[in-house]
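Source file: run.cif; contents: mmCIF, C-alpha atoms.
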```
data_my_file
#
loop_
_atom_site.label_atom_id
_atom_site.label_comp_id
_atom_site.auth_asym_id
_atom_site.auth_seq_id
_atom_site.Cartn_x
_atom_site.Cartn_y
_atom_site.Cartn_z
CA MET A 1 280.20 222.37 37.70
CA SER A 2 276.51 221.95 38.33
CA PRO A 3 274.52 225.18 38.51
CA THR A 4 272.96 226.14 41.84
CA PHE A 5 269.49 227.59 42.06
CA GLU A 6 270.64 230.97 43.38
CA GLU A 7 272.86 231.74 40.41
CA LEU A 8 270.09 231.32 37.84
CA SER A 9 267.78 233.90 36.33
CA VAL A 10 264.91 233.66 33.88
CA GLY A 11 266.10 234.13 30.33
CA GLN A 12 269.60 232.87 31.05
CA GLU A 13 270.96 230.73 28.22
CA ILE A 14 272.30 227.28 29.03
CA GLY A 15 274.10 226.71 25.72
CA SER A 16 273.55 225.10 22.36
CA ARG A 17 274.66 222.15 20.29
CA SER A 18 274.19 220.53 16.90
CA ILE A 19 273.03 216.94 16.53
CA THR A 20 273.80 215.14 13.30
CA VAL A 21 271.46 212.32 12.32
CA THR A 22 271.87 209.69 9.63
CA ARG A 23 269.88 206.63 8.58
CA GLN A 24 272.33 204.56 10.62
CA ASP A 25 271.47 206.62 13.71
CA LEU A 26 267.79 205.87 13.13
CA VAL A 27 268.49 202.15 12.81
CA LYS A 28 270.47 202.31 16.06
CA TYR A 29 267.66 204.19 17.78
CA ALA A 30 265.10 201.69 16.46
CA GLY A 31 267.12 198.83 17.92
CA ALA A 32 267.78 200.51 21.24
CA SER A 33 264.18 201.68 21.75
CA GLY A 34 262.28 198.81 20.16
CA ASP A 35 260.39 201.20 17.82
CA PHE A 36 260.73 199.48 14.43
CA ASN A 37 258.08 201.46 12.55
CA PRO A 38 259.40 201.29 8.94
CA ILE A 39 258.66 204.99 8.36
CA HIS A 40 261.96 205.53 10.21
CA TRP A 41 264.13 203.38 7.93
CA ASN A 42 262.37 202.43 4.68
CA GLU A 43 261.90 205.11 2.00
CA ALA A 44 259.34 203.22 -0.08
CA PHE A 45 257.26 202.47 3.00
CA ALA A 46 257.44 206.07 4.21
CA THR A 47 256.37 207.58 0.88
CA GLY A 48 253.72 204.84 0.57
CA VAL A 49 252.00 206.22 3.67
CA GLU A 50 252.14 209.77 2.28
CA LEU A 51 255.18 210.99 4.18
CA PRO A 52 257.78 213.05 2.29
CA GLY A 53 260.45 210.42 3.05
CA VAL A 54 262.10 208.62 5.94
CA ILE A 55 261.70 210.68 9.11
CA ALA A 56 263.50 210.52 12.45
CA HIS A 57 261.68 209.06 15.42
CA GLY A 58 260.24 211.99 17.35
CA MET A 59 261.63 210.24 20.40
CA PHE A 60 265.13 210.26 18.89
CA THR A 61 264.95 214.04 18.59
CA MET A 62 263.40 214.45 22.03
CA GLY A 63 265.94 212.11 23.60
CA ALA A 64 268.95 213.68 21.92
CA ALA A 65 267.84 217.27 22.58
CA VAL A 66 267.65 216.79 26.36
CA GLN A 67 271.35 215.91 26.55
CA LEU A 68 272.04 219.63 26.52
CA VAL A 69 270.06 219.90 29.77
CA THR A 70 271.55 216.75 31.32
CA ASP A 71 275.11 217.94 30.73
CA TRP A 72 274.29 221.44 32.00
CA ALA A 73 272.63 220.05 35.15
CA GLY A 74 275.60 217.74 35.78
CA ASP A 75 273.37 214.77 36.64
CA PRO A 76 270.81 213.05 34.39
CA ALA A 77 268.70 212.30 37.47
CA ALA A 78 268.11 216.05 37.92
CA VAL A 79 265.65 216.06 34.99
CA VAL A 80 262.41 215.34 36.86
CA ASP A 81 259.95 216.20 34.10
CA TYR A 82 260.36 216.54 30.34
CA GLN A 83 257.72 217.16 27.71
CA THR A 84 257.30 218.20 24.12
CA ARG A 85 254.97 218.34 21.14
CA PHE A 86 256.21 217.01 17.83
CA THR A 87 255.26 219.57 15.21
CA LYS A 88 257.44 218.97 12.14
CA PRO A 89 259.18 215.84 10.96
CA VAL A 90 262.98 215.66 10.64
CA LEU A 91 263.61 214.28 7.16
CA VAL A 92 266.67 212.06 7.02
CA ALA A 93 267.95 211.41 3.50
CA ASP A 94 270.06 208.32 2.78
CA THR A 95 273.62 209.67 2.77
CA THR A 96 275.24 206.27 3.29
CA GLY A 97 278.61 206.15 1.53
CA THR A 98 278.60 209.86 0.66
CA ALA A 99 280.52 212.78 2.15
CA ASP A 100 277.23 214.25 3.46
CA ALA A 101 277.30 214.12 7.28
CA GLY A 102 273.50 213.85 7.54
CA ALA A 103 270.61 215.97 8.77
CA VAL A 104 271.52 218.58 11.37
CA ILE A 105 269.27 219.43 14.31
CA GLU A 106 270.14 222.62 16.24
CA VAL A 107 269.33 222.67 19.95
CA SER A 108 269.53 225.63 22.30
CA GLY A 109 268.14 226.18 25.75
CA ALA A 110 267.28 228.94 28.20
CA VAL A 111 265.83 229.13 31.69
CA GLY A 112 262.10 229.71 31.19
CA ALA A 113 260.91 229.75 34.80
CA LEU A 114 262.20 229.29 38.34
CA ASP A 115 260.37 227.85 41.34
CA ALA A 116 262.11 228.89 44.56
CA GLU A 117 259.99 226.63 46.77
CA ALA A 118 260.60 223.46 44.77
CA ARG A 119 264.12 224.63 43.80
CA THR A 120 263.49 223.73 40.17
CA ALA A 121 264.32 225.46 36.92
CA ARG A 122 262.26 224.99 33.77
CA VAL A 123 264.56 224.89 30.77
CA ASP A 124 262.89 225.74 27.46
CA LEU A 125 264.53 224.12 24.47
CA ALA A 126 264.46 225.43 20.92
CA VAL A 127 264.94 222.52 18.52
CA VAL A 128 265.29 223.50 14.88
CA PHE A 129 265.75 221.53 11.66
CA ASP A 130 265.93 223.13 8.22
CA GLY A 131 264.98 226.53 9.65
CA GLN A 132 261.81 225.28 11.36
CA LYS A 133 261.02 224.31 14.94
CA VAL A 134 260.47 220.56 15.05
CA LEU A 135 259.61 220.43 18.75
CA MET A 136 257.20 222.85 20.41
CA LYS A 137 256.86 223.47 24.13
CA ALA A 138 259.98 221.36 24.72
CA GLN A 139 260.40 221.90 28.46
CA ALA A 140 262.62 220.12 30.95
CA LEU A 141 262.16 220.63 34.67
CA VAL A 142 265.48 220.43 36.50
CA SER A 143 265.82 219.86 40.23
CA LEU A 144 268.71 221.87 41.66
CA SER A 145 270.68 221.84 44.87
CA MET B 1 239.58 201.72 9.38
CA THR B 2 237.77 203.36 12.27
CA ILE B 3 239.09 203.90 15.76
CA ASN B 4 236.89 202.39 18.41
CA PRO B 5 235.54 205.33 20.51
CA ASP B 6 234.91 202.98 23.44
CA LEU B 7 238.66 202.76 24.05
CA GLN B 8 238.53 205.83 26.28
CA GLY B 9 238.82 204.88 29.92
CA ARG B 10 240.19 201.43 29.11
CA SER B 11 243.17 200.14 31.14
CA TYR B 12 245.65 197.40 30.48
CA PRO B 13 247.17 195.93 33.66
CA ALA B 14 250.89 195.51 34.20
CA ALA B 15 252.01 192.57 32.12
CA GLU B 16 255.63 191.52 31.71
CA VAL B 17 258.46 192.72 33.96
CA TYR B 18 261.15 194.84 32.32
CA ASP B 19 264.61 194.21 33.81
CA VAL B 20 266.77 197.31 33.39
CA GLY B 21 270.29 196.19 32.47
CA ARG B 22 273.49 198.23 32.45
CA GLU B 23 274.22 197.42 28.82
CA LYS B 24 270.70 198.48 27.81
CA ILE B 25 271.19 201.84 29.54
CA ARG B 26 274.53 202.25 27.73
CA GLU B 27 273.01 201.20 24.38
CA PHE B 28 270.05 203.57 24.73
CA ALA B 29 272.33 206.41 25.88
CA ARG B 30 274.54 205.95 22.81
CA ALA B 31 271.44 205.82 20.57
CA VAL B 32 270.32 209.27 21.80
CA LYS B 33 273.90 210.54 21.59
CA ALA B 34 274.21 211.01 25.34
CA THR B 35 277.70 211.20 26.76
CA HIS B 36 277.12 211.83 30.48
CA PRO B 37 279.34 209.39 32.47
CA ALA B 38 276.46 208.47 34.83
CA HIS B 39 274.97 206.45 31.92
CA PHE B 40 278.15 204.50 31.27
CA ASP B 41 280.41 204.32 34.33
CA VAL B 42 279.09 202.80 37.58
CA GLU B 43 281.67 204.66 39.68
CA ALA B 44 280.69 207.97 38.10
CA ALA B 45 277.03 207.27 38.86
CA GLN B 46 277.84 206.30 42.43
CA GLY B 47 279.95 209.44 42.76
CA LEU B 48 276.73 211.40 42.20
CA GLY B 49 275.04 209.42 44.97
CA HIS B 50 273.24 206.89 42.76
CA ARG B 51 273.25 203.18 43.42
CA ASP B 52 273.98 202.20 39.80
CA LEU B 53 273.93 203.55 36.22
CA VAL B 54 271.24 206.19 35.66
CA ALA B 55 268.97 205.87 32.62
CA PRO B 56 268.61 208.87 30.27
CA PRO B 57 265.47 211.02 30.84
CA THR B 58 263.59 209.41 27.92
CA PHE B 59 264.56 205.78 28.63
CA ALA B 60 261.09 205.08 30.04
CA ILE B 61 259.74 205.28 26.47
CA ILE B 62 260.89 201.66 26.01
CA ILE B 63 258.58 200.50 28.77
CA ALA B 64 255.81 202.93 27.81
CA GLN B 65 255.78 201.84 24.17
CA ARG B 66 255.69 198.17 25.18
CA ALA B 67 252.61 199.03 27.22
CA ASP B 68 251.17 201.01 24.27
CA ALA B 69 251.66 197.97 22.05
CA GLN B 70 248.95 196.18 24.04
CA LEU B 71 246.52 198.85 22.83
CA ILE B 72 247.87 199.24 19.28
CA GLU B 73 247.85 195.46 18.72
CA ASP B 74 244.40 195.05 20.29
CA PRO B 75 242.21 194.05 17.32
CA GLU B 76 239.28 195.79 19.01
CA ALA B 77 241.13 199.13 18.88
CA GLY B 78 241.19 199.42 15.08
CA ILE B 79 244.59 201.18 14.93
CA ASP B 80 246.74 200.93 11.77
CA PHE B 81 250.28 201.27 13.18
CA SER B 82 251.70 202.39 9.83
CA ARG B 83 249.50 205.49 10.03
CA VAL B 84 250.49 206.39 13.59
CA VAL B 85 252.35 209.66 14.17
CA HIS B 86 253.63 210.65 17.61
CA ALA B 87 252.02 213.99 18.54
CA ASP B 88 253.28 214.71 22.04
CA GLN B 89 255.12 213.10 24.93
CA ARG B 90 255.74 213.82 28.58
CA PHE B 91 257.79 212.08 31.24
CA THR B 92 257.30 212.78 34.94
CA HIS B 93 259.94 211.03 37.00
CA HIS B 94 259.06 210.26 40.61
CA ARG B 95 262.58 208.93 40.90
CA PRO B 96 265.31 208.12 38.33
CA ILE B 97 265.48 204.72 36.63
CA PHE B 98 268.57 202.76 37.65
CA ALA B 99 270.25 199.63 36.31
CA GLY B 100 268.90 196.71 38.32
CA ASP B 101 265.34 198.07 38.48
CA ARG B 102 262.54 195.63 37.73
CA LEU B 103 259.76 197.69 36.14
CA VAL B 104 256.14 197.12 35.28
CA ALA B 105 253.72 199.47 33.50
CA GLU B 106 249.98 199.94 33.73
CA LEU B 107 248.46 201.54 30.64
CA HIS B 108 245.47 203.88 30.75
CA VAL B 109 243.66 205.26 27.71
CA ASP B 110 242.86 208.79 28.85
CA GLY B 111 241.38 210.20 25.66
CA VAL B 112 240.14 209.37 22.19
CA ARG B 113 238.90 212.06 19.85
CA ALA B 114 238.12 211.99 16.16
CA MET B 115 240.26 214.28 13.98
CA GLY B 116 239.36 214.45 10.32
CA GLY B 117 239.28 210.86 9.15
CA GLY B 118 241.61 209.80 11.94
CA ALA B 119 241.85 210.05 15.70
CA MET B 120 244.04 211.42 18.47
CA ILE B 121 244.59 208.90 21.25
CA THR B 122 246.11 209.91 24.59
CA THR B 123 247.62 207.23 26.78
CA ARG B 124 249.30 207.25 30.18
CA ALA B 125 251.68 204.60 31.48
CA GLU B 126 252.20 204.37 35.23
CA ILE B 127 255.59 202.74 35.69
CA PHE B 128 256.46 201.07 38.99
CA ALA B 129 259.55 199.31 40.30
CA LEU B 130 258.98 196.01 42.03
CA THR B 131 260.38 196.07 45.55
CA ASP B 132 261.27 193.32 47.98
CA GLY B 133 258.21 191.85 49.63
CA ASP B 134 255.87 192.25 46.62
CA GLY B 135 255.72 196.05 46.92
CA ARG B 136 255.57 198.60 44.10
CA GLU B 137 257.32 201.96 44.10
CA PRO B 138 256.18 204.69 41.64
CA VAL B 139 259.01 205.50 39.21
CA SER B 140 257.63 207.38 36.20
CA THR B 141 254.39 208.56 34.68
CA THR B 142 254.55 208.88 30.90
CA LYS B 143 251.85 210.51 28.78
CA SER B 144 251.71 210.35 25.04
CA SER B 145 249.36 211.33 22.28
CA ILE B 146 249.39 209.56 18.98
CA LEU B 147 247.62 210.70 15.85
CA VAL B 148 246.27 207.90 13.73
CA ARG B 149 246.10 209.56 10.33
CA GLY B 150 243.03 208.94 8.21
CA GLU B 151 243.34 208.40 4.44
CA GLY B 152 244.79 211.47 2.73
CA GLN B 153 246.04 213.01 6.03
#
```
Can you dump the structure from the file as structure tokens?
Amino acid sequence: MSPTFEELSVGQEIGSRSITVTRQDLVKYAGASGDFNPIHWNEAFATGVELPGVIAHGMFTMGAAVQLVTDWAGDPAAVVDYQTRFTKPVLVADTTGTADAGAVIEVSGAVGALDAEARTARVDLAVVFDGQKVLMKAQALVSLS
Amino acid sequence: MTINPDLQGRSYPAAEVYDVGREKIREFARAVKATHPAHFDVEAAQGLGHRDLVAPPTFAIIIAQRADAQLIEDPEAGIDFSRVVHADQRFTHHRPIFAGDRLVAELHVDGVRAMGGGAMITTRAEIFALTDGDGREPVSTTKSSILVRGEGQ
């Protein structure tokens, strides 16, 4: 069931989920988005430009994190504005052929603000990898009935 | 390599048309691990009142980054793509993107500022859908900042 504006309050939690990401996921995201920067799939290239290793596309993390909001809202079209700053990279080791499931990104969300006139809720997302926030000011504005 | 400070205020007009296909929406949705039926099932999307499959909230990045490529690949810009890091991103949707949309993007360079040996470049893509009779309907405004890292950054 989609939430209605009246039943929401600031601080209310909308839920949480874990996103697992592997090198294969990054290759899939590269293909789907058209962003083929080799820092997202080639270790030697990534370390050659002074990164600690292959890192996830910031846009993969941003795009995957908002699914929590989409599913909560009940309609992807309800997300009318979505922004973030990328503060820490998500390092994705090559776990191909191993039992390691990949890097794990933890996402949780809460209502940060309500606008009664516009009937919108701002959902603030906390997106954490390896104990550190990888997105800052990750905010989705949701239009409600 | 030095970023050209004269980039600020530059615009790149709408170039190619991006045709939004159902399979592309499904592919992109899977790539961001989205499972909402409105991305995959036309009847589910129509059940929510939409005319066709709805794109995920960050789908517009495909069109925005194509527009950005005009700047990044502009030899006058002086940008080394391998040293580009995405710093921030915002999507403002005037309406959702649907399968069947024909989209164009105008790119505006809103800011260029030196940071250490590199530069922070802020761009804005105004994305429009082409309508019957040569009209244009505003769909999304995307803003992004990229940091072009200098040596040793």
Counting all atoms listed in the file, which residues in chain B sit no more than 9 Å from chain A? For each one, give the nearest pair of atoms and the distance in Å, sorted by chain then residue number, as a Markdown table.
```
| residue | atom | partner | partner_atom | distance |
| --- | --- | --- | --- | --- |
| B:Lys24 | CA | A:Ala32 | CA | 7.5 |
| B:Glu27 | CA | A:Ala32 | CA | 6.1 |
| B:Phe28 | CA | A:Ala32 | CA | 5.2 |
| B:Ala29 | CA | A:Ala32 | CA | 8.8 |
| B:Arg30 | CA | A:Lys28 | CA | 8.7 |
| B:Ala31 | CA | A:Tyr29 | CA | 5.0 |
| B:Val32 | CA | A:Ala64 | CA | 4.6 |
| B:Lys33 | CA | A:Ala64 | CA | 5.9 |
| B:Ala34 | CA | A:Gln67 | CA | 5.8 |
| B:Thr35 | CA | A:Gln67 | CA | 7.9 |
| B:His36 | CA | A:Asp71 | CA | 6.4 |
| B:Ala38 | CA | A:Asp75 | CA | 7.2 |
| B:His39 | CA | A:Pro76 | CA | 8.2 |
| B:Ala45 | CA | A:Asp75 | CA | 8.6 |
| B:Leu48 | CA | A:Asp75 | CA | 7.3 |
| B:His50 | CA | A:Ala77 | CA | 8.8 |
| B:Val54 | CA | A:Ala77 | CA | 6.9 |
| B:Ala55 | CA | A:Pro76 | CA | 7.6 |
| B:Pro56 | CA | A:Pro76 | CA | 6.3 |
| B:Pro57 | CA | A:Val79 | CA | 6.5 |
| B:Thr58 | CA | A:Gly63 | CA | 5.6 |
| B:Phe59 | CA | A:Ser33 | CA | 8.0 |
| B:Ile61 | CA | A:Ser33 | CA | 7.4 |
| B:Ile62 | CA | A:Ser33 | CA | 5.4 |
| B:Gln65 | CA | A:Asp35 | CA | 7.9 |
| B:Arg66 | CA | A:Gly34 | CA | 8.3 |
| B:Phe81 | CA | A:Asn37 | CA | 7.8 |
| B:Ser82 | CA | A:Asn37 | CA | 7.0 |
| B:Arg83 | CA | A:Val49 | CA | 6.9 |
| B:Val85 | CA | A:Gly58 | CA | 8.8 |
| B:His86 | CA | A:Gly58 | CA | 6.7 |
| B:Ala87 | CA | A:Phe86 | CA | 5.2 |
| B:Asp88 | CA | A:Arg85 | CA | 4.1 |
| B:Gln89 | CA | A:Gln83 | CA | 5.6 |
| B:Arg90 | CA | A:Gln83 | CA | 4.0 |
| B:Phe91 | CA | A:Tyr82 | CA | 5.2 |
| B:Thr92 | CA | A:Asp81 | CA | 4.4 |
| B:His93 | CA | A:Val80 | CA | 5.0 |
| B:His94 | CA | A:Val80 | CA | 7.1 |
| B:Arg95 | CA | A:Val80 | CA | 7.6 |
| B:Pro96 | CA | A:Ala77 | CA | 5.5 |
| B:Ile97 | CA | A:Ala77 | CA | 8.3 |
| B:Lys143 | CA | A:Gln83 | CA | 8.9 |
| B:Glu151 | CA | A:Val49 | CA | 9.0 |
| B:Gly152 | CA | A:Glu50 | CA | 7.6 |
| B:Gln153 | CA | A:Glu50 | CA | 7.9 |
```
Separation of atom CA of Gly9 of chain B from atom CA of Glu76 of chain B in Å: 14.2 Å
Contacts of Val104 of chain B at 8 Å (all atoms listed in the file; same-chain gap of 3+ positions) as a list in words: Ala14, Ala15, Glu16, Val17, Tyr18, Ile63, Ile127, Phe128, Ala129 and Leu130 of chain B
Å distance separating atom CA of Leu53 of chain B from atom CA of Gly100 of chain B, one decimal place: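 We find that atom CA of Leu53 of chain B and atom CA of Gly100 of chain B lie 8.7 Å from each other.
Residue membership of the PyMOL selection byres ((chain A and resi 122-124) around 8) in the shown file amounts to A:Val69, A:Gly109, A:Ala110, A:Val111, A:Gly112, A:Ala113, A:Leu114, A:Thr120, A:Ala121, A:Leu125, A:Ala126, A:Lys137, A:Ala138, A:Gln139, A:Ala140, A:Leu141, A:Val142.
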Give me a file of those residues, with C-alpha atoms, as a CSV table (one decimal), keeping the file's coordinate frame.
```
chain,number,residue,atom,x,y,z
A,69,VAL,CA,270.1,219.9,29.8
A,109,GLY,CA,268.1,226.2,25.8
A,110,ALA,CA,267.3,228.9,28.2
A,111,VAL,CA,265.8,229.1,31.7
A,112,GLY,CA,262.1,229.7,31.2
A,113,ALA,CA,260.9,229.8,34.8
A,114,LEU,CA,262.2,229.3,38.3
A,120,THR,CA,263.5,223.7,40.2
A,121,ALA,CA,264.3,225.5,36.9
A,125,LEU,CA,264.5,224.1,24.5
A,126,ALA,CA,264.5,225.4,20.9
A,137,LYS,CA,256.9,223.5,24.1
A,138,ALA,CA,260.0,221.4,24.7
A,139,GLN,CA,260.4,221.9,28.5
A,140,ALA,CA,262.6,220.1,31.0
A,141,LEU,CA,262.2,220.6,34.7
A,142,VAL,CA,265.5,220.4,36.5
```
Shortest interatomic distance to Ser18 of chain A - which of A:Gly97, A:Gly102, A:Pro3, A:Gly53, counting only C-alpha atoms: A:Gly102
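Take atom CA of Tyr12 of chain B and atom CA of Phe36 of chain A: the distance between them is 22.1 Å.
This file gives the following result for the PyMOL selection byres ((chain A and resi 91) around 8): A:Pro52, A:Gly53, A:Val54, A:Ile55, A:Ala56, A:Pro89, A:Val90, A:Val92, A:Ala93, A:Ala103.
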Nearest to Ala116 of chain A, chosen from A:Gln12, A:Ser143, A:Ser2, A:Thr98, with all atoms listed in the file counted in the distances: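 Smallest distance to Ala116 of chain A is found for A:Ser143.
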Selection result for the PyMOL selection byres ((chain B and resi 148) around 6) on this file, as a PyMOL selection string: chain B and resi 83-84+118-119+147+149
Exercise: Leu71 of chain B partners within 9 Å, all atoms listed in the file, chain neighbours under 4 positions left out, as a count of residues only: 9
Distance query 8 Å from (274.0, 197.6, 33.3) using only C-alpha atoms, result as a PyMOL selection string: chain B and resi 20-26+52-53+99-100
Non-local contacts of Phe129 of chain A (7 Å; all atoms listed in the file; under 5 positions in same chain excluded) as a PyMOL selection string: chain A and resi 90+104-106+134
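Closest to Asn4 of chain B among B:Val112, B:Ile146, B:Ala69, B:Ala125 is B:Val112, based on only C-alpha atoms.
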